[in-house]
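Chemist: Structure file upload-v7.pdb, PDB, C-alpha atoms and all ligand atoms, is pasted below:
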ATOM      1  CA  MET A  11      11.219  -3.895  -9.954  1.00  0.00           C
ATOM      2  CA  LYS A  12      11.393  -0.648 -11.871  1.00  0.00           C
ATOM      3  CA  ALA A  13      14.485   1.087 -13.207  1.00  0.00           C
ATOM      4  CA  LEU A  14      14.534   4.785 -13.983  1.00  0.00           C
ATOM      5  CA  VAL A  15      16.901   5.278 -16.916  1.00  0.00           C
ATOM      6  CA  ILE A  16      17.975   8.893 -17.339  1.00  0.00           C
ATOM      7  CA  VAL A  17      19.475   9.346 -20.779  1.00  0.00           C
ATOM      8  CA  ASP A  18      22.060  11.985 -21.730  1.00  0.00           C
ATOM      9  CA  MET A  19      21.275  14.702 -19.205  1.00  0.00           C
ATOM     10  CA  LEU A  20      24.841  15.874 -19.692  1.00  0.00           C
ATOM     11  CA  GLU A  21      26.467  19.297 -19.698  1.00  0.00           C
ATOM     12  CA  ASP A  22      26.903  19.305 -23.489  1.00  0.00           C
ATOM     13  CA  PHE A  23      23.232  18.410 -24.010  1.00  0.00           C
ATOM     14  CA  VAL A  24      21.787  20.805 -21.446  1.00  0.00           C
ATOM     15  CA  HIS A  25      24.135  23.793 -21.420  1.00  0.00           C
ATOM     16  CA  GLY A  26      26.736  23.097 -24.133  1.00  0.00           C
ATOM     17  CA  ALA A  27      27.297  22.182 -27.794  1.00  0.00           C
ATOM     18  CA  LEU A  28      23.999  20.357 -28.366  1.00  0.00           C
ATOM     19  CA  ALA A  29      21.832  22.155 -25.802  1.00  0.00           C
ATOM     20  CA  SER A  30      18.161  22.846 -26.396  1.00  0.00           C
ATOM     21  CA  PRO A  31      15.748  24.902 -24.263  1.00  0.00           C
ATOM     22  CA  GLY A  32      13.600  21.780 -23.881  1.00  0.00           C
ATOM     23  CA  ALA A  33      16.400  20.063 -21.972  1.00  0.00           C
ATOM     24  CA  ARG A  34      16.656  22.801 -19.343  1.00  0.00           C
ATOM     25  CA  ALA A  35      12.879  22.843 -18.982  1.00  0.00           C
ATOM     26  CA  LEU A  36      12.947  19.166 -18.018  1.00  0.00           C
ATOM     27  CA  LEU A  37      15.162  19.626 -14.990  1.00  0.00           C
ATOM     28  CA  PRO A  38      12.488  20.198 -12.300  1.00  0.00           C
ATOM     29  CA  SER A  39      10.363  17.211 -13.307  1.00  0.00           C
ATOM     30  CA  LEU A  40      13.438  15.008 -13.679  1.00  0.00           C
ATOM     31  CA  ARG A  41      14.631  16.017 -10.240  1.00  0.00           C
ATOM     32  CA  GLU A  42      11.250  15.076  -8.819  1.00  0.00           C
ATOM     33  CA  LEU A  43      11.264  11.747 -10.616  1.00  0.00           C
ATOM     34  CA  LEU A  44      14.805  10.946  -9.465  1.00  0.00           C
ATOM     35  CA  ASP A  45      13.895  11.754  -5.850  1.00  0.00           C
ATOM     36  CA  HIS A  46      10.841   9.530  -6.168  1.00  0.00           C
ATOM     37  CA  ALA A  47      12.899   6.669  -7.630  1.00  0.00           C
ATOM     38  CA  ARG A  48      15.411   6.941  -4.773  1.00  0.00           C
ATOM     39  CA  ARG A  49      12.664   7.008  -2.124  1.00  0.00           C
ATOM     40  CA  GLU A  50      10.885   4.037  -3.660  1.00  0.00           C
ATOM     41  CA  GLY A  51      14.066   1.981  -4.049  1.00  0.00           C
ATOM     42  CA  TRP A  52      13.891   1.749  -7.847  1.00  0.00           C
ATOM     43  CA  VAL A  53      17.110   1.057  -9.694  1.00  0.00           C
ATOM     44  CA  ARG A  54      18.444   4.319 -11.152  1.00  0.00           C
ATOM     45  CA  VAL A  55      20.583   4.381 -14.260  1.00  0.00           C
ATOM     46  CA  PHE A  56      22.411   7.269 -15.841  1.00  0.00           C
ATOM     47  CA  ALA A  57      22.982   6.249 -19.463  1.00  0.00           C
ATOM     48  CA  ASN A  58      25.549   8.733 -20.648  1.00  0.00           C
ATOM     49  CA  ASP A  59      27.220   9.428 -23.939  1.00  0.00           C
ATOM     50  CA  ALA A  60      30.963   9.005 -23.410  1.00  0.00           C
ATOM     51  CA  HIS A  61      32.380   9.246 -26.897  1.00  0.00           C
ATOM     52  CA  GLU A  62      35.793   8.307 -28.192  1.00  0.00           C
ATOM     53  CA  THR A  63      37.351   9.778 -31.319  1.00  0.00           C
ATOM     54  CA  GLY A  64      36.073   7.876 -34.337  1.00  0.00           C
ATOM     55  CA  ASP A  65      32.652   6.964 -32.938  1.00  0.00           C
ATOM     56  CA  PRO A  66      30.397   6.829 -36.016  1.00  0.00           C
ATOM     57  CA  GLU A  67      27.761   9.342 -34.866  1.00  0.00           C
ATOM     58  CA  LEU A  68      30.381  12.092 -34.404  1.00  0.00           C
ATOM     59  CA  ALA A  69      30.420  12.422 -38.205  1.00  0.00           C
ATOM     60  CA  ILE A  70      26.751  13.454 -37.969  1.00  0.00           C
ATOM     61  CA  TRP A  71      26.648  15.621 -34.848  1.00  0.00           C
ATOM     62  CA  GLY A  72      30.212  16.775 -34.424  1.00  0.00           C
ATOM     63  CA  GLU A  73      32.142  16.229 -31.200  1.00  0.00           C
ATOM     64  CA  HIS A  74      29.979  16.090 -28.093  1.00  0.00           C
ATOM     65  CA  ALA A  75      30.121  14.442 -24.687  1.00  0.00           C
ATOM     66  CA  MET A  76      33.659  13.188 -25.240  1.00  0.00           C
ATOM     67  CA  ALA A  77      34.633  10.690 -22.531  1.00  0.00           C
ATOM     68  CA  GLY A  78      36.288  12.285 -19.545  1.00  0.00           C
ATOM     69  CA  THR A  79      35.498  15.906 -20.523  1.00  0.00           C
ATOM     70  CA  PRO A  80      33.282  18.281 -18.489  1.00  0.00           C
ATOM     71  CA  GLY A  81      30.721  18.168 -21.330  1.00  0.00           C
ATOM     72  CA  ALA A  82      30.184  14.465 -20.635  1.00  0.00           C
ATOM     73  CA  GLN A  83      29.282  15.005 -16.955  1.00  0.00           C
ATOM     74  CA  VAL A  84      25.697  14.623 -15.725  1.00  0.00           C
ATOM     75  CA  VAL A  85      24.354  18.099 -14.914  1.00  0.00           C
ATOM     76  CA  SER A  86      24.739  19.087 -11.277  1.00  0.00           C
ATOM     77  CA  GLU A  87      20.946  19.362 -10.820  1.00  0.00           C
ATOM     78  CA  LEU A  88      20.753  15.572 -11.246  1.00  0.00           C
ATOM     79  CA  ALA A  89      24.079  14.601  -9.706  1.00  0.00           C
ATOM     80  CA  PRO A  90      24.358  10.805  -9.536  1.00  0.00           C
ATOM     81  CA  ALA A  91      25.027   9.057  -6.231  1.00  0.00           C
ATOM     82  CA  PRO A  92      26.558   5.818  -7.522  1.00  0.00           C
ATOM     83  CA  GLY A  93      25.848   2.688  -5.487  1.00  0.00           C
ATOM     84  CA  PRO A  94      24.367  -0.801  -5.824  1.00  0.00           C
ATOM     85  CA  LEU A  95      21.046   0.636  -7.071  1.00  0.00           C
ATOM     86  CA  GLU A  96      22.390   3.702  -8.857  1.00  0.00           C
ATOM     87  CA  LEU A  97      24.439   2.893 -11.924  1.00  0.00           C
ATOM     88  CA  ILE A  98      26.393   4.921 -14.410  1.00  0.00           C
ATOM     89  CA  VAL A  99      26.423   3.335 -17.843  1.00  0.00           C
ATOM     90  CA  PRO A 100      28.660   4.992 -20.435  1.00  0.00           C
ATOM     91  CA  LYS A 101      27.582   4.504 -24.045  1.00  0.00           C
ATOM     92  CA  ARG A 102      29.187   5.255 -27.401  1.00  0.00           C
ATOM     93  CA  ALA A 103      26.056   5.135 -29.539  1.00  0.00           C
ATOM     94  CA  TYR A 104      22.423   6.216 -29.252  1.00  0.00           C
ATOM     95  CA  GLY A 105      21.026   3.252 -27.348  1.00  0.00           C
ATOM     96  CA  ALA A 106      21.620   2.622 -23.644  1.00  0.00           C
ATOM     97  CA  PHE A 107      21.730  -1.134 -24.405  1.00  0.00           C
ATOM     98  CA  ASP A 108      24.067  -0.860 -27.398  1.00  0.00           C
ATOM     99  CA  ARG A 109      27.385  -2.556 -26.526  1.00  0.00           C
ATOM    100  CA  THR A 110      26.889  -1.845 -22.813  1.00  0.00           C
ATOM    101  CA  ASP A 111      26.338  -4.230 -19.896  1.00  0.00           C
ATOM    102  CA  LEU A 112      23.027  -2.591 -18.965  1.00  0.00           C
ATOM    103  CA  ALA A 113      20.841  -5.595 -19.858  1.00  0.00           C
ATOM    104  CA  ASP A 114      22.910  -7.921 -17.639  1.00  0.00           C
ATOM    105  CA  ARG A 115      23.005  -5.488 -14.748  1.00  0.00           C
ATOM    106  CA  LEU A 116      19.242  -4.886 -14.838  1.00  0.00           C
ATOM    107  CA  ARG A 117      18.584  -8.611 -15.013  1.00  0.00           C
ATOM    108  CA  GLU A 118      20.793  -9.236 -11.972  1.00  0.00           C
ATOM    109  CA  LEU A 119      18.807  -6.613 -10.056  1.00  0.00           C
ATOM    110  CA  GLY A 120      15.466  -8.177 -10.980  1.00  0.00           C
ATOM    111  CA  VAL A 121      14.232  -5.267 -13.075  1.00  0.00           C
ATOM    112  CA  ASP A 122      11.223  -5.932 -15.308  1.00  0.00           C
ATOM    113  CA  GLU A 123      10.147  -2.396 -16.207  1.00  0.00           C
ATOM    114  CA  VAL A 124      12.194   0.495 -17.516  1.00  0.00           C
ATOM    115  CA  VAL A 125      11.040   4.095 -17.104  1.00  0.00           C
ATOM    116  CA  PHE A 126      12.837   6.355 -19.570  1.00  0.00           C
ATOM    117  CA  ALA A 127      13.610  10.014 -18.959  1.00  0.00           C
ATOM    118  CA  GLY A 128      15.932  12.559 -20.536  1.00  0.00           C
ATOM    119  CA  GLN A 129      16.689  13.069 -24.176  1.00  0.00           C
ATOM    120  CA  HIS A 130      16.096  12.900 -27.000  1.00  0.00           C
ATOM    121  CA  THR A 131      12.716  11.326 -27.518  1.00  0.00           C
ATOM    122  CA  HIS A 132      13.310  10.681 -31.238  1.00  0.00           C
ATOM    123  CA  ILE A 133      16.957   9.569 -30.974  1.00  0.00           C
ATOM    124  CA  CYS A 134      18.539   8.111 -27.836  1.00  0.00           C
ATOM    125  CA  ILE A 135      15.296   7.443 -25.959  1.00  0.00           C
ATOM    126  CA  ARG A 136      13.969   5.737 -29.062  1.00  0.00           C
ATOM    127  CA  HIS A 137      17.032   3.549 -29.561  1.00  0.00           C
ATOM    128  CA  SER A 138      17.221   2.785 -25.846  1.00  0.00           C
ATOM    129  CA  ALA A 139      13.553   1.804 -25.873  1.00  0.00           C
ATOM    130  CA  TYR A 140      14.270  -0.599 -28.728  1.00  0.00           C
ATOM    131  CA  GLY A 141      16.993  -2.150 -26.587  1.00  0.00           C
ATOM    132  CA  ALA A 142      14.574  -2.460 -23.680  1.00  0.00           C
ATOM    133  CA  LEU A 143      12.023  -4.122 -25.948  1.00  0.00           C
ATOM    134  CA  ILE A 144      14.358  -6.761 -27.351  1.00  0.00           C
ATOM    135  CA  HIS A 145      15.679  -7.542 -23.864  1.00  0.00           C
ATOM    136  CA  GLY A 146      12.126  -8.135 -22.677  1.00  0.00           C
ATOM    137  CA  TYR A 147      11.475  -5.112 -20.448  1.00  0.00           C
ATOM    138  CA  ARG A 148       8.172  -3.283 -20.156  1.00  0.00           C
ATOM    139  CA  ILE A 149       8.650   0.316 -21.176  1.00  0.00           C
ATOM    140  CA  THR A 150       7.195   3.429 -19.572  1.00  0.00           C
ATOM    141  CA  VAL A 151       7.810   6.958 -20.824  1.00  0.00           C
ATOM    142  CA  PRO A 152       6.523   9.980 -18.891  1.00  0.00           C
ATOM    143  CA  HIS A 153       5.956  12.507 -21.686  1.00  0.00           C
ATOM    144  CA  ASP A 154       7.009  15.420 -19.484  1.00  0.00           C
ATOM    145  CA  ALA A 155      10.327  13.813 -18.550  1.00  0.00           C
ATOM    146  CA  VAL A 156      11.625  13.542 -22.127  1.00  0.00           C
ATOM    147  CA  CYS A 157      12.216  16.017 -24.926  1.00  0.00           C
ATOM    148  CA  ALA A 158      13.199  16.167 -28.571  1.00  0.00           C
ATOM    149  CA  PHE A 159      15.191  18.786 -30.440  1.00  0.00           C
ATOM    150  CA  GLU A 160      13.360  21.974 -31.322  1.00  0.00           C
ATOM    151  CA  GLY A 161      11.344  21.577 -34.501  1.00  0.00           C
ATOM    152  CA  ILE A 162      10.797  17.838 -33.985  1.00  0.00           C
ATOM    153  CA  ASP A 163       7.236  16.677 -33.494  1.00  0.00           C
ATOM    154  CA  GLU A 164       7.311  15.380 -29.916  1.00  0.00           C
ATOM    155  CA  GLU A 165       3.849  13.810 -30.185  1.00  0.00           C
ATOM    156  CA  GLU A 166       4.906  11.829 -33.219  1.00  0.00           C
ATOM    157  CA  ALA A 167       8.051  10.658 -31.443  1.00  0.00           C
ATOM    158  CA  LEU A 168       5.998   9.473 -28.458  1.00  0.00           C
ATOM    159  CA  GLU A 169       3.459   7.807 -30.721  1.00  0.00           C
ATOM    160  CA  TYR A 170       6.293   5.823 -32.331  1.00  0.00           C
ATOM    161  CA  LEU A 171       7.345   4.521 -28.906  1.00  0.00           C
ATOM    162  CA  ARG A 172       3.772   3.591 -28.114  1.00  0.00           C
ATOM    163  CA  ALA A 173       2.961   1.961 -31.434  1.00  0.00           C
ATOM    164  CA  VAL A 174       6.232   0.175 -32.190  1.00  0.00           C
ATOM    165  CA  TYR A 175       7.635  -0.649 -28.745  1.00  0.00           C
ATOM    166  CA  GLY A 176       4.393  -0.927 -26.764  1.00  0.00           C
ATOM    167  CA  ALA A 177       5.528   1.851 -24.427  1.00  0.00           C
ATOM    168  CA  CYS A 178       3.140   3.116 -21.794  1.00  0.00           C
ATOM    169  CA  VAL A 179       3.240   6.888 -22.278  1.00  0.00           C
ATOM    170  CA  THR A 180       2.299   8.589 -19.032  1.00  0.00           C
ATOM    171  CA  SER A 181       3.296  11.645 -16.986  1.00  0.00           C
ATOM    172  CA  VAL A 182       5.567  12.311 -14.016  1.00  0.00           C
ATOM    173  CA  GLY A 183       2.499  13.283 -11.978  1.00  0.00           C
ATOM    174  CA  GLU A 184       0.879   9.988 -12.835  1.00  0.00           C
ATOM    175  CA  LEU A 185       3.973   8.030 -11.698  1.00  0.00           C
ATOM    176  CA  LEU A 186       4.227  10.005  -8.461  1.00  0.00           C
ATOM    177  CA  GLY A 187       0.453   9.791  -8.014  1.00  0.00           C
ATOM    178  CA  HIS A 188       0.647   6.021  -7.974  1.00  0.00           C
ATOM    179  CA  ARG A 189       2.529   6.285  -4.721  1.00  0.00           C
ATOM    180  CA  VAL A 190      -0.149   8.536  -3.265  1.00  0.00           C
ATOM    181  CA  ALA A 191      -2.805   6.058  -4.390  1.00  0.00           C
ATOM    182  CA  GLU A 192      -0.861   3.148  -2.866  1.00  0.00           C
ATOM    183  CA  LEU A 193      -0.567   4.937   0.460  1.00  0.00           C
ATOM    184  CA  ALA A 194      -4.257   5.804   0.392  1.00  0.00           C
ATOM    185  CA  ALA A 195      -5.137   2.189  -0.380  1.00  0.00           C
ATOM    186  CA  ALA A 196      -2.905   0.939   2.437  1.00  0.00           C
ATOM    187  CA  ALA A 197      -4.589   3.352   4.855  1.00  0.00           C
ATOM    188  CA  THR A 198      -8.095   2.318   3.845  1.00  0.00           C
ATOM    189  CA  PRO A 199      -9.713  -0.114   6.312  1.00  0.00           C
ATOM    190  CA  LEU A 200     -10.552  -3.592   5.017  1.00  0.00           C
ATOM    191  CA  GLY A 201     -13.969  -3.782   3.444  1.00  0.00           C
ATOM    192  CA  ALA A 202     -14.071  -0.075   2.664  1.00  0.00           C
ATOM    193  CA  ASP A 203     -15.419   0.703  -0.759  1.00  0.00           C
ATOM    194  CA  TYR A 204     -12.201   1.988  -2.268  1.00  0.00           C
ATOM    195  CA  ASP A 205     -11.357   1.121  -5.825  1.00  0.00           C
ATOM    196  CA  SER A 206      -7.658   1.603  -6.478  1.00  0.00           C
ATOM    197  CA  GLY A 207      -7.367  -1.139  -9.104  1.00  0.00           C
ATOM    198  CA  ASP A 208      -7.668   1.185 -12.112  1.00  0.00           C
ATOM    199  CA  VAL A 209      -5.062   3.537 -10.795  1.00  0.00           C
ATOM    200  CA  LEU A 210      -2.420   0.923 -10.141  1.00  0.00           C
ATOM    201  CA  GLU A 211      -2.736  -0.994 -13.372  1.00  0.00           C
ATOM    202  CA  HIS A 212      -0.008  -0.691 -15.964  1.00  0.00           C
ATOM    203  CA  GLU A 213      -1.726   0.771 -18.993  1.00  0.00           C
ATOM    204  CA  PRO A 214      -1.386  -1.081 -22.281  1.00  0.00           C
TER     205      PRO A 214
HETATM  206 ZN    ZN B   1      26.284  10.985 -28.884  1.00  0.00          ZN
END
Take the structure in this file and express it as structure tokens.
Ligand code: ZN
Modeler:
Amino acid sequence: MKALVIVDMLEDFVHGALASPGARALLPSLRELLDHARREGWVRVFANDAHETGDPELAIWGEHAMAGTPGAQVVSELAPAPGPLELIVPKRAYGAFDRTDLADRLRELGVDEVVFAGQHTHICIRHSAYGALIHGYRITVPHDAVCAFEGIDEEEALEYLRAVYGACVTSVGELLGHRVAELAAAATPLGADYDSGDVLEHEP
């Protein structure tokens, strides 16, 4: 079972205090990925900063995504539809697994692979990916569903995830394409010479 974990696609990070153009540019591909995850019955998680006064990282970034404020809301383009398979997980630090119940909830739902999307590749995605690693989840990161701050080397950030956390770095098209390949394989008569094995494999 896969879980799509959308990190910090919040008003303050897309339109507000800590907004970057990269975040707005992600919206169409994230929308597509979220629709796909809902259709396919993946678990969906919105891992959202929800800071309280005194949280350590506020000294570095200033106030942002304060719990209960409009800046801490998921952007309307990706409005959550909370339910048994769609979870909202508030966090007070970079990582989605840091002092949250995410690991337990994913385990209960039988998740074994986490697909990360959102921001930022070199901060919260990175720390969330570390959490996924130590809790034993396979990690997938579509490179066009995440972004870093302007001026940060995105390639280097992705390479870190690949090299240190064993993340499979792919694309949204590739993830959506798997579904097309699965349907094609299912429609192919037995004995037909159709090789879908390469397409469906989880890359190292
Ligand atoms: Zn924060």
Chemist: Could you tell me which of A:His145, A:His46, A:His153, A:His137 comes closest to Asp111 in chain A if we count only C-alpha atoms?
Modeler: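 Smallest distance to Asp111 in chain A is found for A:His145.
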Chemist: What residues have any atom no more than 10 Å from ligand ZN 1 (chain B) when counting all atoms listed in the file, and can you list them as a list of chain:residue names?
Modeler: A:Asp18, A:Asp22, A:Phe23, A:Leu28, A:Asn58, A:Asp59, A:Ala60, A:His61, A:Glu62, A:Asp65, A:Pro66, A:Glu67, A:Leu68, A:Ile70, A:Trp71, A:Gly72, A:Glu73, A:His74, A:Ala75, A:Met76, A:Ala82, A:Lys101, A:Arg102, A:Ala103, A:Tyr104, A:Gly105, A:Ile133, A:Cys134
Chemist: Tell me, as an MDAnalysis selection string, which residues lie within 12 Å of Ala29 in chain A, counting only C-alpha atoms; anything in the same chain fewer than 5 positions away does not count.
Modeler: chainID A and resid 18:24 34:35 74:75 81 85 129:130 157:160
Chemist: Closest to Pro152 in chain A among A:Ala77, A:Leu40, A:Ala196, A:Val55, using all atoms listed in the file?
Modeler: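 Checking each candidate against Pro152 in chain A, we get A:Leu40 as the closest.
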Chemist: Would you compute the box with edges along x, y and z of the file around range 122-133 of chain A, including every atom the file lists for it and 8 Å extra on each side, and give its centre and edge lengths in Å to one decimal, as JSON?
Modeler:
{"center_x": 13.6, "center_y": 3.6, "center_z": -23.3, "size_x": 22.8, "size_y": 35.0, "size_z": 31.9}
Chemist: Every residue with an atom at most 12 Å from (8.3, -6.3, -13.5) (file coordinates; only C-alpha atoms) is what I'm after, so could you write them as a ChimeraX atom specification?
Modeler: /A:11-13,52,116-117,119-125,146-150,212
Chemist: Using the chain letters and numbers from this file, what does the PyMOL selection byres (((chain A and resi 57) around 6) and not hetatm) select? Give the answer as a VMD selection string.
Modeler: chain A and resid 17 56 58 99 to 100 106
Chemist: Out of A:Arg115, A:Arg54, A:Arg109, A:Arg41, which residue has the shortest atom-to-atom distance to Ala91 in chain A when counting only C-alpha atoms?
Modeler: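 The closest residue to Ala91 in chain A is A:Arg54.
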Chemist: Quick check on the file I pasted: which residues fall under the PyMOL selection byres (((chain A and resi 93) around 12) and not hetatm)? Write them as a PyMOL selection string.
Modeler: chain A and resi 48+51+53-56+90-92+94-98
Chemist: Rounded to one decimal, what separation in Å do you get between CA of Ala195 in chain A and CA of Asp154 in chain A?
Modeler: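 So the answer is 26.2 Å.
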Chemist: Selection in question (the file shown): the PyMOL selection byres (((chain A and resi 166-181) around 8) and not hetatm). Which residues does it include, as a ChimeraX atom specification?
Modeler: /A:131-132,136,139-140,143,148-155,163-165,182-185,212-214
Chemist: What is the CA of Ala89 in chain A-CA of Leu44 in chain A distance in Å, reported with one decimal?
Modeler: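 Calculated distance between CA of Ala89 in chain A and CA of Leu44 in chain A is 10.0 Å.
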